[in-house]
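What follows is run_25.cif (mmCIF, C-alpha atoms).
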data_protein
#
loop_
_atom_site.label_atom_id
_atom_site.label_comp_id
_atom_site.auth_asym_id
_atom_site.auth_seq_id
_atom_site.Cartn_x
_atom_site.Cartn_y
_atom_site.Cartn_z
CA MET A 1 -98.10 188.99 13.31
CA GLN A 2 -95.63 186.12 13.22
CA ARG A 3 -95.77 183.85 10.19
CA ASP A 4 -96.24 180.11 10.56
CA TYR A 5 -92.80 178.51 10.84
CA TYR A 6 -93.68 175.77 8.35
CA GLU A 7 -94.81 178.43 5.89
CA VAL A 8 -91.57 180.36 6.42
CA LEU A 9 -89.53 177.31 5.36
CA GLY A 10 -92.03 176.24 2.68
CA VAL A 11 -92.56 172.76 4.10
CA SER A 12 -95.50 170.69 5.30
CA ARG A 13 -96.19 169.83 8.94
CA THR A 14 -95.18 166.22 8.29
CA VAL A 15 -91.75 167.16 6.95
CA SER A 16 -88.89 164.88 8.01
CA GLU A 17 -85.72 166.12 9.69
CA THR A 18 -83.70 165.59 6.51
CA GLU A 19 -86.23 167.42 4.32
CA LEU A 20 -86.42 170.25 6.87
CA LYS A 21 -82.66 170.74 6.82
CA SER A 22 -82.58 170.62 3.02
CA ALA A 23 -85.28 173.29 2.75
CA PHE A 24 -83.49 175.55 5.24
CA ARG A 25 -80.15 175.06 3.49
CA LYS A 26 -81.58 176.13 0.14
CA LEU A 27 -83.38 179.21 1.48
CA ALA A 28 -80.54 180.25 3.78
CA MET A 29 -78.09 180.15 0.88
CA GLU A 30 -80.44 182.32 -1.16
CA HIS A 31 -81.09 184.94 1.54
CA HIS A 32 -77.78 185.00 3.40
CA PRO A 33 -76.81 188.67 3.96
CA ASP A 34 -73.28 188.14 2.64
CA ARG A 35 -74.74 187.09 -0.71
CA ASN A 36 -77.11 190.03 -0.90
CA GLY A 37 -74.74 192.92 -0.26
CA GLY A 38 -76.05 193.56 3.24
CA CYS A 39 -79.65 194.06 2.02
CA GLU A 40 -81.86 194.67 5.05
CA GLU A 41 -84.75 192.75 3.54
CA ALA A 42 -82.53 189.70 2.94
CA ALA A 43 -81.14 189.99 6.46
CA GLY A 44 -84.66 190.06 7.90
CA ARG A 45 -85.68 187.08 5.82
CA PHE A 46 -82.57 185.16 6.88
CA LYS A 47 -83.28 185.91 10.52
CA GLU A 48 -86.84 184.66 10.07
CA LEU A 49 -85.55 181.45 8.46
CA ASN A 50 -83.08 180.99 11.31
CA GLU A 51 -85.82 181.40 13.92
CA ALA A 52 -88.14 178.92 12.19
CA TYR A 53 -85.41 176.33 11.77
CA SER A 54 -84.16 176.70 15.35
CA ILE A 55 -87.63 175.71 16.59
CA LEU A 56 -88.59 173.01 14.08
CA SER A 57 -85.19 171.29 14.19
CA ASP A 58 -85.58 170.70 17.94
CA ALA A 59 -87.96 167.77 18.56
CA GLN A 60 -89.32 169.08 21.88
CA LYS A 61 -89.81 172.64 20.65
CA ARG A 62 -91.41 171.41 17.45
CA ALA A 63 -93.89 169.33 19.47
CA ALA A 64 -94.73 172.36 21.63
CA TYR A 65 -95.14 174.54 18.55
CA ASP A 66 -97.38 171.98 16.82
CA ARG A 67 -99.62 171.89 19.88
CA PHE A 68 -99.70 175.50 21.07
CA GLY A 69 -98.34 177.55 18.16
CA HIS A 70 -96.03 180.50 18.85
CA ALA A 71 -97.26 180.68 22.44
CA GLY A 72 -95.73 177.28 23.14
CA VAL A 73 -92.24 178.46 22.14
CA ASN A 74 -92.41 182.11 23.10
CA GLY A 75 -88.87 183.38 23.56
CA ALA A 76 -87.29 180.18 22.26
CA GLY A 77 -86.63 181.38 18.73
CA GLY A 78 -84.41 184.04 17.32
CA GLY A 79 -81.35 181.91 17.01
CA GLY A 80 -80.64 181.38 20.70
CA GLY A 81 -83.35 178.84 21.56
CA ALA A 82 -81.72 175.87 19.89
CA GLY A 83 -78.34 176.45 21.48
CA PHE A 84 -76.91 178.73 18.76
CA THR A 85 -75.21 181.99 19.70
CA ASP A 86 -76.35 183.86 16.58
CA VAL A 87 -77.67 183.34 13.05
CA HIS A 88 -74.21 182.44 11.78
CA ASP A 89 -73.99 179.52 14.20
CA ILE A 90 -77.07 177.79 12.78
CA PHE A 91 -75.80 178.49 9.26
CA ASN A 92 -72.53 176.83 10.22
CA GLU A 93 -74.37 173.83 11.74
CA VAL A 94 -76.35 173.13 8.59
CA PHE A 95 -73.81 173.98 5.90
CA GLY A 96 -70.88 172.50 7.76
CA GLN A 97 -72.09 168.96 6.98
CA ALA A 98 -72.55 169.69 3.28
CA PHE A 99 -69.37 171.68 2.69
CA GLY A 100 -66.92 170.18 5.13
CA ASP A 101 -67.56 172.75 7.88
CA MET A 102 -66.20 175.52 5.64
CA PHE A 103 -68.86 178.20 6.16
CA GLY A 104 -68.43 180.44 9.15
CA GLY A 105 -70.11 183.36 10.82
CA GLY A 106 -69.06 186.86 9.93
CA GLY A 107 -67.41 189.04 12.53
CA ARG A 108 -67.47 186.64 15.52
CA GLY A 109 -64.29 185.22 16.97
CA GLY A 110 -63.68 181.45 16.86
CA ARG A 111 -63.83 179.20 19.87
CA PRO A 112 -61.96 175.99 20.63
CA SER A 113 -63.69 172.70 20.00
CA GLY A 114 -63.58 171.75 23.67
CA PRO A 115 -64.80 168.36 24.94
CA ALA A 116 -66.48 166.23 22.28
CA ARG A 117 -69.01 163.45 22.80
CA GLY A 118 -67.71 159.96 22.16
CA GLN A 119 -68.83 157.80 19.26
CA ASP A 120 -71.85 155.52 19.59
CA LEU A 121 -71.04 151.83 19.24
CA ARG A 122 -72.98 148.92 17.73
CA TYR A 123 -72.85 145.35 19.01
CA ASP A 124 -74.63 142.46 17.28
CA LEU A 125 -75.84 139.82 19.75
CA GLU A 126 -77.41 136.48 18.88
CA ILE A 127 -79.69 135.00 21.53
CA THR A 128 -81.73 131.81 21.83
CA LEU A 129 -85.50 131.61 21.62
CA GLU A 130 -85.53 130.51 25.27
CA GLN A 131 -83.71 133.71 26.26
CA ALA A 132 -86.17 135.79 24.26
CA TYR A 133 -89.05 133.94 25.93
CA ALA A 134 -88.07 134.05 29.59
CA SER A 135 -85.61 136.99 29.67
CA ALA A 136 -81.96 136.50 30.51
CA GLU A 137 -78.81 138.21 31.72
CA VAL A 138 -76.07 137.99 29.08
CA GLU A 139 -72.45 139.08 29.41
CA ILE A 140 -70.78 140.64 26.38
CA ALA A 141 -67.23 141.84 25.72
CA VAL A 142 -67.16 145.20 23.93
CA PRO A 143 -63.98 146.92 22.71
CA ALA A 144 -64.30 150.66 23.35
CA ALA A 145 -62.17 153.78 23.63
CA MET A 146 -61.43 154.67 27.26
CA THR A 147 -59.97 157.82 28.74
CA CYS A 148 -56.25 157.24 29.33
CA GLU A 149 -55.74 156.99 33.08
CA THR A 150 -52.03 157.81 32.85
CA CYS A 151 -52.55 161.30 31.45
CA ASP A 152 -56.20 161.73 32.53
CA GLY A 153 -57.23 162.25 28.90
CA THR A 154 -54.93 165.21 28.16
CA GLY A 155 -52.63 163.21 25.89
CA ALA A 156 -49.62 164.87 27.53
CA LYS A 157 -46.91 163.11 29.50
CA PRO A 158 -47.60 163.22 33.26
CA GLY A 159 -46.12 166.38 34.72
CA THR A 160 -46.60 168.32 31.46
CA GLN A 161 -49.55 170.12 29.88
CA PRO A 162 -50.69 170.71 26.28
CA THR A 163 -49.67 174.12 24.90
CA THR A 164 -51.85 176.62 23.06
CA CYS A 165 -51.75 176.21 19.28
CA ASN A 166 -50.00 179.24 17.77
CA SER A 167 -51.76 178.81 14.42
CA CYS A 168 -55.28 179.45 15.74
CA GLY A 169 -54.43 181.06 19.06
CA GLY A 170 -56.31 178.35 20.91
CA ALA A 171 -59.57 178.93 19.00
CA GLY A 172 -59.41 175.61 17.17
CA ARG A 173 -60.47 177.32 13.92
CA VAL A 174 -58.91 179.67 11.40
CA ARG A 175 -60.79 182.21 9.27
CA ALA A 176 -60.30 183.71 5.83
CA SER A 177 -62.44 185.83 3.46
CA GLN A 178 -63.46 184.28 0.17
CA GLY A 179 -65.92 185.97 -2.15
CA PHE A 180 -69.24 186.64 -0.47
CA PHE A 181 -68.39 184.47 2.51
CA SER A 182 -66.22 184.61 5.54
CA ILE A 183 -64.72 181.12 5.45
CA GLU A 184 -63.95 179.38 8.72
CA ARG A 185 -62.39 175.97 8.93
CA THR A 186 -60.87 173.64 11.49
CA CYS A 187 -57.30 174.49 12.31
CA PRO A 188 -55.15 172.03 10.33
CA ARG A 189 -52.37 172.04 12.90
CA CYS A 190 -54.23 171.20 16.11
CA GLY A 191 -57.25 169.50 14.50
CA GLY A 192 -59.66 171.85 16.25
CA ALA A 193 -58.43 171.13 19.79
CA GLY A 194 -56.84 174.56 20.19
CA GLN A 195 -53.90 172.88 21.90
CA LEU A 196 -50.83 170.90 20.90
CA VAL A 197 -49.25 167.98 22.77
CA LEU A 198 -45.50 168.48 22.50
CA ASP A 199 -44.51 165.73 24.95
CA PRO A 200 -47.06 162.91 24.43
CA CYS A 201 -48.12 160.32 26.99
CA LYS A 202 -46.34 157.01 26.40
CA ASP A 203 -49.49 154.92 26.97
CA CYS A 204 -51.91 156.70 24.61
CA ARG A 205 -49.25 158.38 22.40
CA GLY A 206 -50.92 161.75 22.75
CA ALA A 207 -54.44 160.61 21.82
CA GLY A 208 -55.79 160.90 25.37
CA GLN A 209 -57.58 157.58 24.86
CA VAL A 210 -56.76 153.88 24.81
CA ARG A 211 -58.88 151.02 23.53
CA HIS A 212 -59.82 148.26 25.93
CA GLU A 213 -62.29 145.39 25.93
CA ARG A 214 -64.93 145.80 28.62
CA THR A 215 -67.29 143.14 29.95
CA LEU A 216 -70.88 144.32 30.31
CA SER A 217 -73.99 142.59 31.61
CA VAL A 218 -77.02 143.02 29.36
CA ARG A 219 -80.58 142.25 30.45
CA ILE A 220 -82.58 140.69 27.60
CA PRO A 221 -86.24 141.67 28.07
CA SER A 222 -88.88 138.97 27.74
CA GLY A 223 -90.61 138.94 24.35
CA VAL A 224 -87.90 140.48 22.15
CA ASP A 225 -87.76 139.51 18.50
CA ASP A 226 -85.29 139.72 15.62
CA GLY A 227 -84.08 143.28 15.03
CA ALA A 228 -84.85 144.52 18.55
CA ARG A 229 -82.42 147.15 19.80
CA ILE A 230 -81.19 147.81 23.33
CA ARG A 231 -79.54 151.16 24.15
CA LEU A 232 -77.02 151.37 26.96
CA ALA A 233 -76.48 155.06 27.63
CA GLY A 234 -72.89 156.11 28.27
CA GLU A 235 -71.37 152.74 27.37
CA GLY A 236 -69.93 153.81 24.00
CA ASP A 237 -66.54 155.35 23.23
CA ALA A 238 -65.08 157.91 25.61
CA GLY A 239 -65.34 161.50 24.43
CA ALA A 240 -62.34 163.46 23.21
CA ARG A 241 -60.80 165.90 25.70
CA ASN A 242 -62.78 164.31 28.57
CA GLY A 243 -66.10 164.75 26.77
CA PRO A 244 -69.13 162.60 27.61
CA ARG A 245 -69.23 158.97 26.51
CA GLY A 246 -71.29 157.84 23.56
CA ASP A 247 -73.98 155.15 23.77
CA LEU A 248 -73.87 151.43 23.03
CA TYR A 249 -76.61 150.01 20.79
CA ILE A 250 -77.11 146.25 20.95
CA PHE A 251 -78.91 144.75 17.95
CA LEU A 252 -80.51 141.40 18.73
CA SER A 253 -81.06 138.42 16.45
CA VAL A 254 -82.83 135.25 17.59
CA ARG A 255 -81.16 131.98 16.59
CA PRO A 256 -83.43 129.57 14.64
CA HIS A 257 -84.86 126.89 16.94
CA GLU A 258 -84.81 123.18 16.13
CA LEU A 259 -88.40 122.65 17.32
CA PHE A 260 -90.27 125.95 17.20
CA GLU A 261 -90.97 128.53 14.55
CA ARG A 262 -92.10 131.97 15.65
CA ASP A 263 -95.00 133.77 13.98
CA GLY A 264 -95.47 137.07 15.80
CA LEU A 265 -96.42 136.03 19.32
CA ASP A 266 -97.44 132.50 18.28
CA LEU A 267 -95.12 129.51 18.40
CA LEU A 268 -95.57 126.80 15.76
CA CYS A 269 -94.44 123.22 16.29
CA GLY A 270 -94.92 119.97 14.37
CA VAL A 271 -95.44 116.81 16.46
CA PRO A 272 -95.66 113.17 15.24
CA VAL A 273 -98.70 111.18 16.42
CA PRO A 274 -98.78 107.34 16.47
CA MET A 275 -101.32 106.00 14.00
CA CYS A 276 -103.34 104.22 16.68
CA THR A 277 -103.50 107.36 18.85
CA ALA A 278 -104.61 109.40 15.83
CA ALA A 279 -107.36 106.85 15.09
CA LEU A 280 -108.59 106.30 18.64
CA GLY A 281 -107.77 109.65 20.18
CA GLY A 282 -105.71 110.17 23.30
CA GLU A 283 -102.96 112.29 24.80
CA ILE A 284 -99.43 112.96 23.61
CA ASP A 285 -96.52 115.03 24.88
CA ALA A 286 -95.63 118.20 22.99
CA PRO A 287 -92.65 120.47 23.63
CA CYS A 288 -93.17 123.85 25.26
CA LEU A 289 -90.87 126.59 26.46
CA LEU A 290 -90.09 126.73 30.15
CA GLY A 291 -92.59 128.51 32.34
CA GLY A 292 -95.71 127.63 30.42
CA GLU A 293 -98.76 126.61 32.47
CA ASN A 294 -99.47 122.84 32.43
CA CYS A 295 -95.85 122.11 31.57
CA ASP A 296 -94.35 119.31 33.64
CA GLY A 297 -91.78 121.64 35.16
CA ASN A 298 -89.32 121.02 32.39
CA SER A 299 -90.28 121.40 28.73
CA ARG A 300 -93.31 119.21 27.94
CA ILE A 301 -97.02 119.78 27.86
CA LYS A 302 -99.91 117.31 27.48
CA ILE A 303 -102.23 117.85 24.54
CA LYS A 304 -105.38 115.97 23.57
CA VAL A 305 -105.52 114.33 20.16
CA PRO A 306 -109.08 114.12 18.84
CA GLU A 307 -110.34 110.76 17.55
CA GLY A 308 -109.70 110.35 13.83
CA ALA A 309 -107.07 113.12 13.67
CA GLN A 310 -105.45 113.52 10.27
CA THR A 311 -102.04 114.85 9.29
CA GLY A 312 -102.15 118.65 9.20
CA ARG A 313 -104.69 118.95 12.00
CA THR A 314 -103.70 121.70 14.42
CA VAL A 315 -104.27 122.03 18.13
CA ARG A 316 -104.09 125.58 19.51
CA LEU A 317 -103.08 126.06 23.13
CA LYS A 318 -104.08 129.54 24.27
CA GLY A 319 -101.49 131.64 26.05
CA ARG A 320 -98.67 129.13 25.59
CA GLY A 321 -96.76 131.20 23.02
CA MET A 322 -94.38 134.15 23.31
CA PRO A 323 -94.97 137.00 25.76
CA SER A 324 -95.46 140.49 24.40
CA LEU A 325 -92.61 142.93 24.91
CA ARG A 326 -94.88 145.86 25.80
CA SER A 327 -97.97 144.29 27.37
CA ARG A 328 -99.17 141.27 29.35
CA GLU A 329 -100.49 139.61 26.21
CA ARG A 330 -99.23 136.16 25.24
CA GLY A 331 -99.43 134.32 21.97
CA ASP A 332 -100.54 130.71 21.42
CA LEU A 333 -98.72 127.44 20.94
CA VAL A 334 -99.96 125.95 17.67
CA VAL A 335 -99.22 122.22 17.41
CA GLU A 336 -99.52 120.63 13.96
CA LEU A 337 -100.12 116.87 14.03
CA PHE A 338 -98.32 114.46 11.70
CA VAL A 339 -99.78 110.94 11.71
CA GLU A 340 -96.93 108.44 11.83
CA THR A 341 -97.19 105.16 9.92
CA PRO A 342 -95.60 102.29 11.87
CA THR A 343 -92.58 100.51 10.38
CA GLY A 344 -90.75 97.25 11.13
CA LEU A 345 -93.96 95.31 11.90
CA THR A 346 -93.79 91.72 13.10
CA PRO A 347 -95.68 89.02 11.18
CA ARG A 348 -98.40 89.03 13.84
CA GLN A 349 -98.76 92.81 13.66
CA LYS A 350 -99.02 92.65 9.88
CA GLU A 351 -101.69 89.97 10.16
CA LEU A 352 -103.71 92.19 12.50
CA MET A 353 -103.26 95.18 10.19
CA ARG A 354 -104.59 93.16 7.23
CA GLU A 355 -107.55 92.03 9.30
CA LEU A 356 -108.26 95.65 10.27
CA ALA A 357 -107.94 96.77 6.66
CA GLY A 358 -110.53 94.18 5.63
CA LEU A 359 -112.94 95.37 8.28
CA CYS A 360 -112.65 99.07 7.44
CA GLY A 361 -114.85 100.54 4.74
CA GLU A 362 -115.44 103.91 3.15
CA SER A 363 -116.98 105.31 6.31
CA GLN A 364 -113.66 104.80 8.07
CA HIS A 365 -111.72 106.43 5.22
CA PRO A 366 -113.87 109.42 4.19
CA GLN A 367 -110.99 111.36 2.65
CA SER A 368 -110.00 108.42 0.44
CA ALA A 369 -113.60 107.86 -0.63
CA GLY A 370 -114.05 111.53 -1.52
CA PHE A 371 -110.75 111.63 -3.37
CA PHE A 372 -111.47 108.63 -5.55
CA ASP A 373 -114.94 109.97 -6.39
CA LYS A 374 -113.23 113.07 -7.78
CA ALA A 375 -110.60 110.92 -9.54
CA ARG A 376 -113.25 108.80 -11.28
CA ARG A 377 -115.03 111.92 -12.59
CA PHE A 378 -111.66 113.20 -13.86
CA TRP A 379 -110.85 109.94 -15.63
CA ASP A 380 -114.35 109.71 -17.10
CA GLY A 381 -113.90 113.20 -18.52
CA ILE A 382 -110.70 112.15 -20.28
CA THR A 383 -111.92 108.78 -21.69
CA GLY A 384 -115.50 109.76 -22.35
CA GLY A 385 -116.81 106.75 -20.51
CA GLU A 386 -116.53 104.55 -17.51
CA VAL A 387 -113.03 103.54 -16.52
CA ARG A 388 -112.64 99.99 -15.29
CA ALA A 389 -109.74 98.72 -13.23
#
Let me see the structure of the file written as structure tokens.
Amino acid sequence: MQRDYYEVLGVSRTVSETELKSAFRKLAMEHHPDRNGGCEEAAGRFKELNEAYSILSDAQKRAAYDRFGHAGVNGAGGGGGAGFTDVHDIFNEVFGQAFGDMFGGGGRGGRPSGPARGQDLRYDLEITLEQAYASAEVEIAVPAAMTCETCDGTGAKPGTQPTTCNSCGGAGRVRASQGFFSIERTCPRCGGAGQLVLDPCKDCRGAGQVRHERTLSVRIPSGVDDGARIRLAGEGDAGARNGPRGDLYIFLSVRPHELFERDGLDLLCGVPVPMCTAALGGEIDAPCLLGGENCDGNSRIKIKVPEGAQTGRTVRLKGRGMPSLRSRERGDLVVELFVETPTGLTPRQKELMRELAGLCGESQHPQSAGFFDKARRFWDGITGGEVRA
């Protein structure tokens, strides 16, 4: 009966990719046949480790195994299922990163590196809140490695061809025995290509690639926020030896807005309200982002100010905030009111204000009345008696 793959590697079912590789590395080093004098038991254990790792290190196979057990990956293990030719290949894949690709398989001939996938690229793009709200098409200029058109990526002068490296015989790797291990490393002469360019292309100087700036059009989806990432497959660096291109990852940041502050899907905005409008109630214009219902077609929306509104009062407009990136949900527009005291009054206006002040009592200023009641109790507590003005 086959053992549970997680049990074989001594890890939990929630193990991360890094922890999984670390566990395999430790056990594979311990049970590798070359370190155990060809012991059959060690060889069997190493093969079991290889099979477990080949399944759990592959995201799709791991998901199938977690759901259906061994039946879900029947025939996918044993070293070949994850794209490895034998147990030494998977050993090389794991230990190569830790020891500079020095460990090799025993007894199997090397193979040239062949085409290599190009590097992924990162591009940082700052967008406006309006672009994040309504979506936008943005053009960016990205410097990237491109396959040299003059030599078609060979690196050799047109009319010539690269020659086979005589150090590795075209394998791209050289091998030597050292202690318990058969050590395999990248050929120092050809750099793993298995070929040498004796007459290099004048445009790429033998590299097979040139770096150019490309203009790309990027669609900004509606509702994105700071830190969002857009992946453009195949828009990264060209691969070596005509290998596939890498990907381009665009990291978005939203520029601070002069009117709005974003809180999740909600938009917050402070709006001044004339003192008379705050006292009597009425309507004022508030800013909104384009496309909002009840906007005037440009960037304003009418909101109702309740009678007697005080500074700090908020008015929430449902569905007037940011759209959600992954659903049809929309946030709210939250308008905070700031009552504005008039300045530069004429003598007549001042006279009217004094008349109004004389007519208003505590019932018209409930916050002031409540505040001074608390203040009197505070002062009485300090002086031990009544405080007189």
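Selection around (-96.7, 177.3, 12.1) with radius 10 Å, counting only C-alpha atoms, yields the residues A:Gln2, A:Arg3, A:Asp4, A:Tyr5, A:Tyr6, A:Glu7, A:Val8, A:Leu9, A:Ser12, A:Arg13, A:Ala52, A:Leu56, A:Arg62, A:Tyr65, A:Asp66, A:Arg67, A:Phe68, A:Gly69, A:His70.
Using only C-alpha atoms, the nearest neighbour of Ser167 (chain A) within the list A:Cys269, A:Leu248, A:Cys148, A:Cys190 is A:Cys190.
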Exercise. Expanded to explicit residues, what is the PyMOL selection byres ((chain A and resi 278) around 12) for this file, as a ChimeraX atom specification?
Worked result: /A:271-277,279-284,304-313,337-341
Could those residues be written to a file, using C-alpha atoms, as an mmCIF file, in the frame of the given file?
data_model
loop_
_atom_site.group_PDB
_atom_site.id
_atom_site.type_symbol
_atom_site.label_atom_id
_atom_site.label_comp_id
_atom_site.auth_asym_id
_atom_site.auth_seq_id
_atom_site.Cartn_x
_atom_site.Cartn_y
_atom_site.Cartn_z
ATOM 1 C CA VAL A 271 -95.440 116.810 16.460
ATOM 2 C CA PRO A 272 -95.660 113.170 15.240
ATOM 3 C CA VAL A 273 -98.700 111.180 16.420
ATOM 4 C CA PRO A 274 -98.780 107.340 16.470
ATOM 5 C CA MET A 275 -101.320 106.000 14.000
ATOM 6 C CA CYS A 276 -103.340 104.220 16.680
ATOM 7 C CA THR A 277 -103.500 107.360 18.850
ATOM 8 C CA ALA A 279 -107.360 106.850 15.090
ATOM 9 C CA LEU A 280 -108.590 106.300 18.640
ATOM 10 C CA GLY A 281 -107.770 109.650 20.180
ATOM 11 C CA GLY A 282 -105.710 110.170 23.300
ATOM 12 C CA GLU A 283 -102.960 112.290 24.800
ATOM 13 C CA ILE A 284 -99.430 112.960 23.610
ATOM 14 C CA LYS A 304 -105.380 115.970 23.570
ATOM 15 C CA VAL A 305 -105.520 114.330 20.160
ATOM 16 C CA PRO A 306 -109.080 114.120 18.840
ATOM 17 C CA GLU A 307 -110.340 110.760 17.550
ATOM 18 C CA GLY A 308 -109.700 110.350 13.830
ATOM 19 C CA ALA A 309 -107.070 113.120 13.670
ATOM 20 C CA GLN A 310 -105.450 113.520 10.270
ATOM 21 C CA THR A 311 -102.040 114.850 9.290
ATOM 22 C CA GLY A 312 -102.150 118.650 9.200
ATOM 23 C CA ARG A 313 -104.690 118.950 12.000
ATOM 24 C CA LEU A 337 -100.120 116.870 14.030
ATOM 25 C CA PHE A 338 -98.320 114.460 11.700
ATOM 26 C CA VAL A 339 -99.780 110.940 11.710
ATOM 27 C CA GLU A 340 -96.930 108.440 11.830
ATOM 28 C CA THR A 341 -97.190 105.160 9.920
#
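Summary of the local environment: counting all atoms listed in the file, residues at most 10 Å from Arg262 (chain A), other than itself and those fewer than 5 positions away along its chain, are Leu129, Asp225, Pro256, His257, Leu267, Leu268, Cys269, Gly321, Met322, Gly331 and Leu333 of chain A.
Summary of the local environment: counting only C-alpha atoms, residues at most 8 Å from region 209-222 of chain A, other than itself and those fewer than 6 positions away along its chain, are Gln131, Ala132, Tyr133, Ala134, Ser135, Ala136, Glu137, Val138, Glu139, Ile140, Ala141, Val142, Pro143, Ala144, Ala145, Met146, Thr147, Cys148, Gly153, Gly155, Asp203, Ala238, Ala240, Pro323, Ser324 and Leu325 of chain A.
Remark: for Tyr53 (chain A), the closest of the candidate residues A:Val73, A:Leu20, A:Ile183, A:Ala228 is A:Leu20 (distances computed over all atoms listed in the file).
One finds CA of Gln161 (chain A) at 28.6 Å from CA of Asp120 (chain A).
Considering the residues A:Gly191, A:Gly361, A:Gly370, A:Gly208 and counting only C-alpha atoms, Gly239 (chain A) has its shortest atom-to-atom contact with A:Gly208.
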